[in-house]
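Have a look at structure06.tsv; it's TSV, C-alpha atoms:
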chain	number	residue	atom	x	y	z
A	1	MET	CA	107.81	-53.38	39.32
A	2	ALA	CA	107.19	-56.61	37.40
A	3	TRP	CA	107.14	-57.50	33.72
A	4	ASP	CA	103.98	-58.90	32.07
A	5	ASN	CA	104.26	-59.85	28.38
A	6	ASP	CA	107.25	-57.50	28.07
A	7	TRP	CA	105.32	-54.59	29.64
A	8	PRO	CA	106.30	-53.04	32.98
A	9	VAL	CA	103.61	-53.37	35.64
A	10	ILE	CA	103.99	-51.13	38.67
A	11	ASN	CA	102.41	-51.90	42.04
A	12	GLY	CA	100.53	-54.88	40.61
A	13	GLY	CA	98.47	-52.62	38.37
A	14	LYS	CA	96.93	-50.84	41.35
A	15	SER	CA	96.92	-47.14	42.11
A	16	ILE	CA	100.10	-45.70	43.61
A	17	LYS	CA	99.56	-44.71	47.25
A	18	LEU	CA	101.81	-43.45	50.02
A	19	LYS	CA	101.82	-46.94	51.54
A	20	ALA	CA	101.84	-50.16	49.54
A	21	ASP	CA	102.68	-53.82	49.93
A	22	GLY	CA	105.77	-55.18	48.24
A	23	PRO	CA	107.53	-58.50	47.79
A	24	GLY	CA	110.13	-57.54	50.38
A	25	LEU	CA	113.78	-56.61	50.27
A	26	TYR	CA	116.30	-58.82	48.55
A	27	LEU	CA	119.53	-59.85	50.24
A	28	LYS	CA	122.61	-58.60	48.45
A	29	GLU	CA	125.59	-60.88	48.93
A	30	ASP	CA	128.93	-59.34	48.01
A	31	ASN	CA	131.72	-61.65	46.95
A	32	LEU	CA	134.60	-60.03	48.78
A	33	HIS	CA	137.26	-62.36	47.41
A	34	TRP	CA	139.21	-60.72	44.62
A	35	LYS	CA	142.42	-61.62	42.77
A	36	ASP	CA	144.34	-60.08	39.89
A	37	GLU	CA	146.80	-62.46	38.24
A	38	PHE	CA	147.87	-59.82	35.69
A	39	ARG	CA	146.79	-61.76	32.61
A	40	GLY	CA	147.65	-59.24	29.94
A	41	LYS	CA	145.86	-56.28	31.53
A	42	LEU	CA	144.95	-54.91	34.94
A	43	LYS	CA	141.51	-55.63	36.33
A	44	LEU	CA	139.20	-52.69	36.90
A	45	GLY	CA	139.62	-50.77	40.14
A	46	TRP	CA	143.32	-49.83	40.19
A	47	TYR	CA	144.20	-46.22	40.95
A	48	ARG	CA	147.21	-43.92	40.75
A	49	LYS	CA	148.00	-41.07	43.13
A	50	LYS	CA	148.03	-37.62	41.53
A	51	PRO	CA	150.38	-34.80	42.65
A	52	ASN	CA	147.44	-32.89	44.17
A	53	GLY	CA	146.74	-35.76	46.56
A	54	THR	CA	143.67	-37.12	44.78
A	55	HIS	CA	143.49	-40.44	42.95
A	56	THR	CA	142.78	-41.29	39.36
A	57	LEU	CA	141.82	-44.52	37.63
A	58	ILE	CA	144.80	-46.41	36.28
A	59	ASP	CA	143.90	-45.88	32.63
A	60	THR	CA	144.36	-42.10	32.88
A	61	ALA	CA	147.47	-41.05	30.96
A	62	GLN	CA	150.61	-41.22	33.11
A	63	LYS	CA	154.31	-41.66	32.51
A	64	GLN	CA	154.67	-45.37	31.84
A	65	ASP	CA	156.31	-47.02	34.84
A	66	TYR	CA	154.28	-50.23	34.98
A	67	PHE	CA	154.20	-53.02	32.40
A	68	LEU	CA	152.30	-56.26	31.96
A	69	GLU	CA	154.76	-58.78	30.58
A	70	SER	CA	153.00	-60.78	27.88
A	71	GLY	CA	152.90	-64.49	28.59
A	72	ALA	CA	154.65	-64.08	31.95
A	73	ARG	CA	151.58	-63.09	34.02
A	74	ILE	CA	153.48	-60.53	36.03
A	75	LEU	CA	153.07	-56.86	36.76
A	76	ARG	CA	156.44	-55.15	36.35
A	77	LEU	CA	157.07	-51.86	38.13
A	78	LYS	CA	160.05	-49.69	37.25
A	79	GLY	CA	160.33	-47.42	40.24
A	80	SER	CA	160.64	-43.66	39.96
A	81	PRO	CA	162.91	-41.55	42.21
A	82	TYR	CA	159.90	-40.56	44.35
A	83	ASN	CA	159.34	-42.53	47.55
A	84	LEU	CA	155.95	-42.97	49.23
A	85	SER	CA	156.43	-39.81	51.31
A	86	SER	CA	156.61	-37.66	48.20
A	87	PRO	CA	153.67	-35.36	47.35
A	88	ALA	CA	154.48	-36.10	43.69
A	89	SER	CA	153.38	-39.30	41.94
A	90	PRO	CA	155.48	-42.27	43.08
A	91	THR	CA	155.35	-45.62	41.31
A	92	LEU	CA	152.39	-46.83	43.35
A	93	LEU	CA	149.33	-48.74	42.15
A	94	LEU	CA	146.40	-48.63	44.59
A	95	ARG	CA	143.13	-50.42	45.26
A	96	LYS	CA	140.45	-49.46	47.76
A	97	GLN	CA	140.25	-51.63	50.88
A	98	MET	CA	137.14	-53.73	50.19
A	99	SER	CA	136.05	-54.41	53.77
A	100	ARG	CA	137.20	-53.68	57.28
A	101	VAL	CA	138.42	-57.23	57.94
A	102	GLY	CA	140.35	-59.35	55.44
A	103	GLN	CA	143.80	-60.19	54.11
A	104	TRP	CA	145.75	-58.54	51.30
A	105	SER	CA	148.64	-60.46	49.76
A	106	THR	CA	151.02	-60.35	46.82
A	107	SER	CA	154.04	-62.20	45.43
A	108	LEU	CA	157.18	-60.20	44.69
A	109	SER	CA	160.44	-60.97	42.88
A	110	PHE	CA	162.90	-58.10	43.36
A	111	HIS	CA	166.71	-58.06	43.39
A	112	PRO	CA	167.94	-54.52	44.07
A	113	THR	CA	171.55	-53.46	43.48
A	114	SER	CA	171.26	-50.01	45.06
A	115	PRO	CA	170.78	-49.42	48.81
A	116	THR	CA	168.10	-46.83	48.04
A	117	SER	CA	165.86	-49.16	45.99
A	118	GLU	CA	162.79	-50.79	47.54
A	119	ALA	CA	159.64	-52.56	46.35
A	120	GLY	CA	156.71	-54.00	48.26
A	121	THR	CA	153.14	-53.40	49.38
A	122	ALA	CA	151.60	-50.63	51.47
A	123	VAL	CA	148.53	-49.56	53.41
A	124	TYR	CA	148.10	-46.01	52.15
A	125	TRP	CA	146.03	-43.17	53.66
A	126	ASN	CA	147.99	-40.33	52.06
A	127	TYR	CA	151.63	-39.41	51.49
A	128	LEU	CA	151.91	-38.34	55.14
A	129	THR	CA	150.35	-41.47	56.62
A	130	TYR	CA	151.11	-44.94	55.30
A	131	SER	CA	152.69	-48.21	56.42
A	132	SER	CA	154.71	-50.47	54.14
A	133	ILE	CA	156.51	-53.79	53.96
A	134	GLY	CA	159.06	-54.25	51.20
A	135	ILE	CA	162.29	-55.81	49.97
A	136	ARG	CA	165.59	-53.91	49.91
A	137	LEU	CA	169.32	-54.51	50.51
A	138	SER	CA	170.66	-55.06	54.02
A	139	ASP	CA	172.53	-52.13	55.57
A	140	GLN	CA	174.97	-54.57	57.19
A	141	ASP	CA	175.60	-56.81	54.17
A	142	PRO	CA	174.81	-55.33	50.73
A	143	LYS	CA	174.85	-58.83	49.24
A	144	ARG	CA	171.85	-59.85	51.32
A	145	ARG	CA	168.21	-58.86	51.00
A	146	VAL	CA	165.94	-57.95	53.88
A	147	VAL	CA	162.23	-57.38	54.40
A	148	LYS	CA	161.68	-53.93	55.88
A	149	PHE	CA	158.55	-52.86	57.78
A	150	LYS	CA	157.98	-49.11	57.97
A	151	PRO	CA	155.02	-48.12	60.20
A	152	ALA	CA	153.01	-44.93	60.17
A	153	GLY	CA	153.43	-42.58	63.09
A	154	ASN	CA	156.38	-42.83	65.44
A	155	GLY	CA	156.80	-46.61	65.41
A	156	ASP	CA	160.17	-48.27	64.91
A	157	GLU	CA	161.20	-49.70	61.56
A	158	ILE	CA	161.86	-53.46	61.60
A	159	THR	CA	163.99	-55.53	59.22
A	160	LYS	CA	164.28	-59.30	58.81
A	161	GLU	CA	166.95	-60.94	56.66
A	162	LEU	CA	165.76	-63.22	53.88
A	163	LYS	CA	167.20	-66.72	53.65
A	164	SER	CA	166.96	-67.16	49.88
A	165	ASP	CA	166.99	-65.19	46.62
A	166	GLY	CA	163.57	-66.42	45.50
A	167	PRO	CA	160.22	-64.64	45.36
A	168	VAL	CA	158.62	-63.47	48.60
A	169	GLN	CA	154.95	-63.30	49.51
A	170	LEU	CA	153.93	-60.18	51.41
A	171	PHE	CA	150.82	-60.00	53.59
A	172	VAL	CA	148.68	-57.35	55.26
A	173	ARG	CA	146.03	-58.66	57.65
A	174	CYS	CA	143.33	-56.03	58.11
A	175	GLU	CA	141.58	-56.37	61.46
A	176	ASP	CA	139.02	-54.32	63.39
A	177	GLU	CA	141.62	-52.37	65.34
A	178	SER	CA	144.91	-52.83	63.48
A	179	TYR	CA	146.89	-53.79	60.39
A	180	LYS	CA	149.43	-56.62	60.69
A	181	PHE	CA	152.32	-57.00	58.25
A	182	GLY	CA	154.11	-60.24	57.40
A	183	PHE	CA	155.95	-62.26	54.78
A	184	SER	CA	156.69	-65.81	53.63
A	185	GLU	CA	159.59	-67.04	51.53
A	186	LEU	CA	159.00	-69.41	48.64
A	187	GLU	CA	159.82	-72.55	50.61
A	188	ASP	CA	157.59	-71.46	53.51
A	189	THR	CA	154.38	-70.58	51.65
A	190	GLU	CA	152.46	-73.45	53.30
A	191	LYS	CA	153.29	-72.10	56.75
A	192	GLU	CA	151.77	-69.19	58.66
A	193	PRO	CA	153.39	-65.91	57.53
A	194	THR	CA	156.10	-64.40	59.68
A	195	TRP	CA	154.37	-61.35	61.18
A	196	ILE	CA	156.89	-58.59	61.88
A	197	GLY	CA	154.85	-55.45	62.55
A	198	GLU	CA	151.48	-53.99	63.47
A	199	VAL	CA	149.89	-50.54	63.23
A	200	SER	CA	146.65	-49.44	64.86
A	201	VAL	CA	143.73	-48.20	62.77
A	202	GLU	CA	143.80	-45.02	64.87
A	203	THR	CA	147.40	-44.35	63.81
A	204	MET	CA	146.60	-45.09	60.17
A	205	THR	CA	143.67	-42.66	59.97
A	206	VAL	CA	145.19	-39.45	61.31
A	207	ASP	CA	143.81	-36.33	59.63
A	208	PRO	CA	146.33	-34.42	57.48
A	209	PRO	CA	147.45	-30.96	58.70
A	210	VAL	CA	145.30	-29.30	56.03
A	211	GLY	CA	142.03	-30.63	54.64
A	212	ALA	CA	140.85	-34.18	55.13
A	213	ALA	CA	141.34	-37.65	53.68
A	214	PHE	CA	138.44	-38.27	51.31
A	215	THR	CA	139.51	-41.42	49.46
A	216	GLY	CA	139.37	-44.00	52.24
A	217	MET	CA	142.06	-46.56	52.93
A	218	MET	CA	144.02	-47.94	49.99
A	219	LEU	CA	146.20	-51.02	49.56
A	220	GLY	CA	148.96	-50.79	47.00
A	221	LEU	CA	152.01	-52.15	45.21
A	222	TYR	CA	155.05	-49.90	44.91
A	223	ALA	CA	158.67	-49.56	43.79
A	224	PHE	CA	161.00	-46.59	44.23
A	225	GLY	CA	164.63	-45.52	44.08
A	226	ASP	CA	164.42	-42.86	46.84
A	227	GLY	CA	166.17	-40.03	45.01
A	228	GLU	CA	167.24	-41.95	41.93
A	229	PRO	CA	165.43	-44.18	39.43
A	230	CYS	CA	165.08	-47.80	40.50
A	231	LEU	CA	167.51	-49.69	38.25
A	232	GLU	CA	165.94	-53.13	38.66
A	233	PRO	CA	162.32	-54.04	37.91
A	234	ALA	CA	159.98	-55.29	40.61
A	235	ASP	CA	157.88	-58.21	39.36
A	236	PHE	CA	154.57	-58.89	41.13
A	237	GLY	CA	152.95	-62.27	40.47
A	238	PHE	CA	149.46	-61.45	41.77
A	239	ALA	CA	147.48	-59.25	44.14
A	240	GLU	CA	144.69	-60.79	46.22
A	241	TRP	CA	142.07	-59.81	48.78
A	242	SER	CA	140.45	-62.61	50.77

Take the structure in the file and write it out as structure tokens.
Amino acid sequence: MAWDNDWPVINGGKSIKLKADGPGLYLKEDNLHWKDEFRGKLKLGWYRKKPNGTHTLIDTAQKQDYFLESGARILRLKGSPYNLSSPASPTLLLRKQMSRVGQWSTSLSFHPTSPTSEAGTAVYWNYLTYSSIGIRLSDQDPKRRVVKFKPAGNGDEITKELKSDGPVQLFVRCEDESYKFGFSELEDTEKEPTWIGEVSVETMTVDPPVGAAFTGMMLGLYAFGDGEPCLEPADFGFAEWS
């Protein structure tokens, strides 16, 4: 269809037949780079998990556990008692994975005082299958923070002690066959992230015991108290897909 003097002209004004000549297909170029710097409101496309396992857009009424601090450009999560394995609604904000290959990253400032508190980022299939990397207190020294990698399936959890009390950048590298998890401390942001864990796509896409996973893979930001409310806020500086 074309427009001629504000009138639509179909098929060049000729009769419509089963076969016709056209100008050809256009090439659609998607800009896969995306970044939310939390400037007063969330960008479109964030989801929350509902207790029945489905997902709802972020603006659907929920108990308020996330806040956008005015002027600070941070997303503040105040974690609920529900961890990511709960069929209820944990404090977890999700976005759909935009392409098979890419990198998800975020900046997190979190200083827990309880050994059950954790905040970080996750690759989320459902509450039975997810992998996460987050900040929590060390089991050996409660005055120190660690980065903890929790893989889906039967993989071993891995922890790495943090050297400073500053913000930490968390990374998920999405590849054809796996997801890699890493982090960088504030003074090391110019260096390659420290990669501490990897999970195969096959492990991440296991069917649930009942039904099927209909939402596709999600990437998310979370905070929880694992049985008790999280007493300290988790402040995220941005979320980015590149």

(message) Report, in Å to a single decimal, how far apart atom CA of Pro81 of chain A and atom CA of Gly216 of chain A are.
(response) 25.7 Å

Contacts between segment 219-222 of chain A and segment 104-196 of chain A, please, where a residue of segment 104-196 of chain A counts if it comes within 9 Å (with all atoms listed in the file); show its shortest atom pair and distance in Å to one decimal, rows by chain and ascending number, as JSON lines.
{"residue": "A:Trp104", "atom": "CA", "partner": "A:Leu219", "partner_atom": "CA", "distance": 7.7}
{"residue": "A:Thr106", "atom": "CA", "partner": "A:Leu221", "partner_atom": "CA", "distance": 8.4}
{"residue": "A:Glu118", "atom": "CA", "partner": "A:Tyr222", "partner_atom": "CA", "distance": 8.2}
{"residue": "A:Ala119", "atom": "CA", "partner": "A:Tyr222", "partner_atom": "CA", "distance": 5.5}
{"residue": "A:Gly120", "atom": "CA", "partner": "A:Tyr222", "partner_atom": "CA", "distance": 5.5}
{"residue": "A:Thr121", "atom": "CA", "partner": "A:Leu221", "partner_atom": "CA", "distance": 4.5}
{"residue": "A:Ala122", "atom": "CA", "partner": "A:Gly220", "partner_atom": "CA", "distance": 5.2}
{"residue": "A:Val123", "atom": "CA", "partner": "A:Leu219", "partner_atom": "CA", "distance": 4.7}
{"residue": "A:Tyr124", "atom": "CA", "partner": "A:Leu219", "partner_atom": "CA", "distance": 6.0}
{"residue": "A:Trp125", "atom": "CA", "partner": "A:Leu219", "partner_atom": "CA", "distance": 8.9}
{"residue": "A:Gly134", "atom": "CA", "partner": "A:Tyr222", "partner_atom": "CA", "distance": 8.6}
{"residue": "A:Val172", "atom": "CA", "partner": "A:Leu219", "partner_atom": "CA", "distance": 8.9}

Would you mind exporting the chosen residues as a tab-separated table (two decimals), in the frame of the given file, restricted to C-alpha atoms?
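Written output follows (result.tsv):
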chain	number	residue	atom	x	y	z
A	104	TRP	CA	145.75	-58.54	51.30
A	106	THR	CA	151.02	-60.35	46.82
A	118	GLU	CA	162.79	-50.79	47.54
A	119	ALA	CA	159.64	-52.56	46.35
A	120	GLY	CA	156.71	-54.00	48.26
A	121	THR	CA	153.14	-53.40	49.38
A	122	ALA	CA	151.60	-50.63	51.47
A	123	VAL	CA	148.53	-49.56	53.41
A	124	TYR	CA	148.10	-46.01	52.15
A	125	TRP	CA	146.03	-43.17	53.66
A	134	GLY	CA	159.06	-54.25	51.20
A	172	VAL	CA	148.68	-57.35	55.26

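Comparing A:Gln169, A:Thr205, A:Lys163, A:Trp195 by their smallest distance to Phe149 of chain A, the closest is A:Trp195 (using only C-alpha atoms).
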
(message) To one decimal place in Å, what is the distance between atom CA of Leu108 of chain A and atom CA of Val147 of chain A?
(response)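 Spanning atom CA of Leu108 of chain A to atom CA of Val147 of chain A is a straight-line distance of 11.3 Å.
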
(message) Using Å and a single decimal, report how far atom CA of Asn126 of chain A sits from atom CA of Phe214 of chain A.
(response) 9.8 Å

(message) From the options A:Arg173, A:Lys41, A:His111, A:Lys17, which residue's atoms come nearest to Arg145 of chain A, counting only C-alpha atoms?
(response)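 Nearest to Arg145 of chain A: A:His111.
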
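Taking all atoms listed in the file into account, the protein, DNA and RNA residues within 10 Å of (136.1, -55.6, 41.6) read Asn31, Leu32, His33, Trp34, Lys35, Asp36, Lys43, Leu44, Gly45, Trp46, Arg95, Lys96 and Met98 of chain A.
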
For segment 184-186 of chain A: contacts at 9 Å, all atoms listed in the file, fewer than 6 positions along chain excluded, given as a short mmCIF file (atom, residue, chain, number, x, y, z; two decimals) with C-alpha atoms, in the coordinates of the input:
data_model
loop_
_atom_site.label_atom_id
_atom_site.label_comp_id
_atom_site.auth_asym_id
_atom_site.auth_seq_id
_atom_site.Cartn_x
_atom_site.Cartn_y
_atom_site.Cartn_z
CA LEU A 162 165.76 -63.22 53.88
CA LYS A 163 167.20 -66.72 53.65
CA SER A 164 166.96 -67.16 49.88
CA GLY A 166 163.57 -66.42 45.50
CA PRO A 167 160.22 -64.64 45.36
CA VAL A 168 158.62 -63.47 48.60
CA GLN A 169 154.95 -63.30 49.51
CA LEU A 170 153.93 -60.18 51.41
CA PHE A 171 150.82 -60.00 53.59
CA GLU A 192 151.77 -69.19 58.66
CA PRO A 193 153.39 -65.91 57.53
CA THR A 194 156.10 -64.40 59.68
#

(request) Mind checking which residues fall within 8 Å of Gly227 of chain A, counting all atoms listed in the file, ignoring those fewer than 6 positions away in the same chain, and posting them as an MDAnalysis selection string? (result) chainID A and resid 81:83 116

(message) Neighbouring residues of Leu77 of chain A were defined as those with any atom within 7 Å, considering all atoms listed in the file; residues of the same chain fewer than 4 positions away were excluded. Please report them as a PyMOL selection string.
(response) chain A and resi 65-67+223+233-235

For segment 226-241 of chain A, which lacks atoms in the input, supply N, CA and C atoms and format the output as a compact mmCIF listing (two decimals), keeping the file's coordinate frame.
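The resulting selection29.txt:
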# COMPACT_ATOMS: atom_id res chain seq x y z
N ASP A 226 164.13 -43.80 45.75
CA ASP A 226 164.42 -42.86 46.84
C ASP A 226 165.51 -41.86 46.46
N GLY A 227 165.22 -41.05 45.45
CA GLY A 227 166.17 -40.03 45.01
C GLY A 227 166.83 -40.34 43.69
N GLU A 228 166.71 -41.55 43.23
CA GLU A 228 167.24 -41.95 41.93
C GLU A 228 166.31 -43.01 41.34
N PRO A 229 166.29 -43.14 40.01
CA PRO A 229 165.43 -44.18 39.43
C PRO A 229 165.82 -45.56 39.92
N CYS A 230 164.83 -46.41 40.09
CA CYS A 230 165.08 -47.80 40.50
C CYS A 230 165.63 -48.55 39.28
N LEU A 231 166.84 -49.09 39.40
CA LEU A 231 167.51 -49.69 38.25
C LEU A 231 166.99 -51.08 37.92
N GLU A 232 166.42 -51.77 38.89
CA GLU A 232 165.94 -53.13 38.66
C GLU A 232 164.42 -53.15 38.72
N PRO A 233 163.79 -53.96 37.87
CA PRO A 233 162.32 -54.04 37.91
C PRO A 233 161.84 -54.84 39.11
N ALA A 234 160.66 -54.52 39.56
CA ALA A 234 159.98 -55.29 40.61
C ALA A 234 158.83 -56.04 39.96
N ASP A 235 158.87 -57.37 40.03
CA ASP A 235 157.88 -58.21 39.36
C ASP A 235 156.89 -58.78 40.38
N PHE A 236 155.63 -58.41 40.25
CA PHE A 236 154.57 -58.89 41.13
C PHE A 236 153.78 -59.98 40.42
N GLY A 237 153.62 -61.13 41.09
CA GLY A 237 152.95 -62.27 40.47
C GLY A 237 151.44 -62.23 40.57
N PHE A 238 150.91 -61.58 41.60
CA PHE A 238 149.46 -61.45 41.77
C PHE A 238 149.20 -60.44 42.88
N ALA A 239 147.97 -60.01 42.98
CA ALA A 239 147.48 -59.25 44.14
C ALA A 239 146.13 -59.83 44.50
N GLU A 240 145.90 -60.07 45.81
CA GLU A 240 144.69 -60.79 46.22
C GLU A 240 144.12 -60.21 47.50
N TRP A 241 142.80 -60.14 47.55
CA TRP A 241 142.07 -59.81 48.78
C TRP A 241 141.17 -60.99 49.13
